[in-house]
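Visitor: Please read through the structure below; I'll follow up with questions.
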Amino acid sequence: MTLNSKQQGYLQFVQRLTESQRQALLEILEQYPNTMEQGESKLTAYVTAHLGSTIDLESLKEDITVQLPAHFVPQSLAIVDSIPLTQQGKIHRQDLNNYPWQFSEQSTSQDDNIEDDFVAPSNELEHLLAQIWGDVLGMDELSIDDNFVEVGGDSLLSIRILARINKAGYRIEPEDFFEFPTIRLQAQCLQKSQQQSQQQMDGEGVFDLLPIQSWFFENIKTRPEHWNQSCVLSVPDTLTYASLQVAMQTLLKRQHVLRSCFIEVDGSIRQKINHYDTSKQYIDFMETDATTDEEALASAMEKINAINESLHLQNGDLFRCLFVKTAKPETNLVVLVAHHLLVDIASWSILSDELEHYWQAAQQQVVAQTLPLVTPFKYWSQKLQEYAYSEQLNSQCDFWQQQVKPLLSTLPLDFQAPIDANTHGNQQTQSFEFDSLASNEKLQAFCNKAHTDVQTVLLVSLSFVLCEFCKSKDIRIAIEGHGREALFDNVDLSHTVGWFTSVYPLLFESHPEDLKTHFTQTQLLLDALPQSGIGYGILREIKREPSLQLHSSSEVVFNYLGKQLSSAKKEPVSVTQIDANVGYARSNQAERAFILDINVRFIDGVLTMDWTYSTRLHKQQTIESLAKRQLACIQQIIELDIQPSVSTQFDLADLDSDEMSKISDLLSGLDDSLD
């Protein structure tokens, strides 16, 4: 979880102030205590005109919006004859504050009629971004001033958008994406991609594992070679087996990680990426009399299971493709199977997009348009090895040590089963939906008002309910992140296939029967989370930080997958299923690393929660009770009167708590004024 863009901008602004500037800010707060009262604060710009000239407030507003981050755009513009000054020549704020014409009728308030807020794209770049945003978000109409997060965007979707922008011949830095979260602002940031004459970086050879891969080998001891993910593609009826062969060859040459194997070197497992082997067969073929996608998939299940069981960690057979030809060409399928060590959920959209790109060129018998260069998975591993020993990362140790403190209790079980009972063969998944589309709209509205995000609401509700269940004041939850954070300059992972996932523990302290306090404390914890949690795995698995080695592991893992569309989405090639359980994707004997596994996503605008558990440890009614209690807790949260807040847990060491509190009040007040 990261700070929302407004909070992040405010805190960065405060951190850049000199000591004297901060003191001046605090003096202003002391002098004008009433300016932050709820409902009265507005960010106002006072404008004077040159002699003989006039001011077009609408044009001025547009210029300001382009040049400033959204959180610095004034809510009101006031035209004044002159700026009042003190005897020392400084702005006389009291006199300025008392101007009767302070708030012009030409207001930039966001409370205007919603219909008036729609602004259509006006140039080529804005039209390009609107098309890309619309395809990925599944929206037909977007205003160029719509905020990415507020229309349902999340970090996983941003990766897809960045990849599409690059494919179109432009680029925007990943760290700029949420700093400039509208089409209008991003159009100003777009840069024409530079044609790179140098060869693609070397992606072959032997290198160290990423933290998540190290975690895998530490925890999955039984049949680790059978731990896969699958992706089913509904493909055009014109796709031929020959075209698919050509596309797969090109894809395997481009995405180095698909040629991986895992070997032991000096007692440690390492990853090795081999040269492309033209003699290897990566595509299987089958025919069926099926006439629908569902029938085709059912007919192919035996073949899919055989592929799942055939992958081999040492010899490099970890990625396979199955072409399913049916009695009706429009129901043909392509099934991709990969070991989880090679892919994550973001990888599937990259693979399907690039595979389509290459087979279209093969069918048309033309040379495929060159795609942006791929940052090799190997290069990311090498950069993390260097970063693991940096001073910046070492400064996070104190935070993570707090998260691995001993727990007061453990998760209650319905059955006292042996340790090997928690296997994939014994697992079951229960799915639950949050009421209706209307309820989900209320959830998003609450997040916008409270300047928080959906993941925060989910974690507040989950931790609160689990503490109730454990009859404990604390619970540790392992959080999954996408792990593709922008840690280094000029490193773009939006086109790179691989398993980047970060998993990090957070210790939530409950406040029984006080949900509002629990929300506030959880928000502070998440605000203080450094670099979206990616540092924990680097410190523990690469640096082997001693203080993070010996602690009880989390019993619950949570993964917020963001917004997903059903098979009716717009892309010509529709990913009808991204599911780790297509066929027997995991060995029945393989260990489950957690007792409860909770995955949450929006599917066509409806919040859907999957609770996975072992039937040897918990009853179905226990899981249903917990999930329904969480849904009820979410409903309680969105009814709370939560005012925007800013964390005080930041590195502003030269400010005492009283000063930081005052600045926090100011920032919260600014947030209120921008609602």
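Labels used: A, B, ... for chains in the order of the structure tokens, numbers from 1 for residues in each chain, and numbers from 1 for ligands as shown.
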Just want the 7 Å neighbourhood of stretch 308-322 of chain A, counted on only C-alpha atoms, with same-chain residues fewer than 2 positions away dropped. Output as a PyMOL selection string.
Guide: chain A and resi 225-226+228+258-263+282-285+304-306+324+334-339+584-585
Visitor: Take the residues that were just selected and, keeping C-alpha atoms, output them as a compact mmCIF listing (two decimals), in the first residue's frame.
Guide:
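What ended up in part_5.txt:
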```
# COMPACT_ATOMS: atom_id res chain seq x y z
CA GLU A 225 8.12 -28.86 -9.66
CA HIS A 226 4.30 -29.06 -9.72
CA ASN A 228 1.95 -23.84 -11.65
CA LEU A 258 10.62 -18.51 -20.07
CA ARG A 259 13.81 -20.48 -20.79
CA SER A 260 14.70 -20.81 -17.09
CA CYS A 261 15.77 -23.79 -15.05
CA PHE A 262 16.85 -24.00 -11.40
CA ILE A 263 20.14 -25.61 -10.41
CA TYR A 282 6.95 -25.93 -26.58
CA ILE A 283 3.50 -26.38 -28.19
CA ASP A 284 1.09 -29.28 -27.77
CA PHE A 285 -1.85 -29.78 -30.11
CA ILE A 304 -3.75 -29.76 -19.31
CA ASN A 305 -3.23 -31.97 -16.26
CA ALA A 306 -0.61 -33.98 -18.11
CA VAL A 324 -7.08 -26.68 -28.76
CA VAL A 334 -4.84 -21.50 -26.44
CA VAL A 335 -3.84 -22.65 -22.96
CA LEU A 336 -0.57 -21.38 -21.46
CA VAL A 337 0.95 -23.25 -18.51
CA ALA A 338 3.98 -21.99 -16.60
CA HIS A 339 5.64 -22.80 -13.32
CA TYR A 584 -4.41 -29.73 -11.15
CA ALA A 585 -2.12 -26.69 -11.10
```
Visitor: What's the separation between atom CA of A:Asn440 and atom CA of A:Leu640, in Å to one decimal place?
Guide: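 Computing the Euclidean distance for atom CA of A:Asn440 and atom CA of A:Leu640 yields 15.5 Å.
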Visitor: As a ChimeraX atom specification, list the residues of stretch 386-630 of chain A assigned to strand (DSSP E) by DSSP on the backbone atoms of this structure.
Guide: /A:427-433,474-481,502-509,556-564,574-579,596-603,606-614
Visitor: Just how far from atom CA of A:His495 is atom CA of A:Ala593, in Å to one decimal?
Guide: 29.4 Å
Visitor: So which residues touch stretch 548-552 of chain A within 9 Å, counting only C-alpha atoms, skipping near sequence neighbours fewer than 4 positions away, as a count of residues only?
Guide: 12
Visitor: What's the 6 Å shell around stretch 456-472 of chain A, counting only C-alpha atoms, without same-chain residues fewer than 6 positions away, as a list in words?
Guide: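 Counting only C-alpha atoms, the residues come to Leu411, Phe519, Gln630, Cys633 and Ile634 of chain A.
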Visitor: Rounded to one decimal in Å, what is the spacing between atom CA of A:Gln428 and atom CA of A:Asp344?
Guide: 21.7 Å
Visitor: Hey, could you make a per-residue contact list for stretch 343-415 of chain A against stretch 531-534 of chain A with 12 Å as the cut-off, showing the nearest pair of atoms and its distance in Å to one decimal, counting only C-alpha atoms, sorted by chain and number, as CSV?
Guide:
```
residue,atom,partner,partner_atom,distance
A:Leu384,CA,A:Ile534,CA,10.4
A:Tyr387,CA,A:Ile534,CA,11.5
A:Ala388,CA,A:Ile534,CA,11.0
A:Gln392,CA,A:Gln531,CA,10.7
A:Leu393,CA,A:Gln531,CA,9.6
A:Ser395,CA,A:Gln531,CA,11.8
A:Gln396,CA,A:Gln531,CA,9.5
A:Cys397,CA,A:Gly533,CA,11.7
A:Phe399,CA,A:Gly533,CA,10.4
A:Trp400,CA,A:Gly533,CA,9.3
A:Gln403,CA,A:Gly533,CA,11.3
```
Visitor: Suppose we keep N, CA and C atoms; can you now write the selection as a compact mmCIF listing (two decimals), in the first residue's frame?
Guide:
```
# COMPACT_ATOMS: atom_id res chain seq x y z
N LEU A 384 18.73 -5.87 -7.29
CA LEU A 384 18.30 -6.11 -5.92
C LEU A 384 19.45 -6.57 -5.04
N TYR A 387 21.12 -3.44 -4.05
CA TYR A 387 20.26 -2.61 -3.19
C TYR A 387 20.14 -3.17 -1.78
N ALA A 388 20.29 -4.50 -1.64
CA ALA A 388 20.12 -5.16 -0.34
C ALA A 388 21.06 -4.61 0.72
N GLN A 392 19.85 3.12 2.40
CA GLN A 392 18.42 3.42 2.33
C GLN A 392 17.59 2.24 2.80
N LEU A 393 17.95 1.04 2.35
CA LEU A 393 17.19 -0.13 2.75
C LEU A 393 17.44 -0.48 4.21
N SER A 395 17.78 1.39 6.62
CA SER A 395 17.00 2.27 7.50
C SER A 395 15.60 1.73 7.77
N GLN A 396 15.17 0.72 7.01
CA GLN A 396 13.84 0.14 7.20
C GLN A 396 13.81 -0.96 8.26
N CYS A 397 14.97 -1.37 8.74
CA CYS A 397 15.04 -2.52 9.65
C CYS A 397 14.16 -2.33 10.89
N PHE A 399 11.44 -0.67 11.32
CA PHE A 399 10.03 -0.86 11.00
C PHE A 399 9.69 -2.34 10.92
N TRP A 400 10.51 -3.10 10.21
CA TRP A 400 10.20 -4.52 10.00
C TRP A 400 10.38 -5.33 11.28
N GLN A 403 7.22 -5.44 13.08
CA GLN A 403 6.18 -6.26 12.46
C GLN A 403 6.34 -7.75 12.76
```
Visitor: From the set A:Phe488, A:Trp380, A:Phe594, A:Phe118, which residue has the shortest atom-to-atom contact distance to A:Leu210, counting only C-alpha atoms?
Guide: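 Residue with the minimum atom-to-atom distance to A:Leu210: A:Trp380.
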Visitor: Rank A:Asp420, A:Asp277, A:Asp527, A:Asp208 by their smallest atom-to-atom distance to A:Ser381, using only C-alpha atoms, and report the top residue only.
Guide: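 Smallest separation from A:Ser381 among the options: A:Asp208.
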Visitor: What parts of stretch 413-620 of chain A does DSSP call alpha helix (DSSP H)? I'd like the answer as a count of residues only.
Guide: 49
Visitor: Counting only C-alpha atoms, what is within 9 Å of stretch 142-156 of chain A, bar same-chain residues fewer than 2 positions away, as a ChimeraX atom specification?
Guide: /A:4,117-122,126,129-131,133-134,137,139-140,158-160,178,180-185,345-346,444-445,447-448,453,482,561-563,605
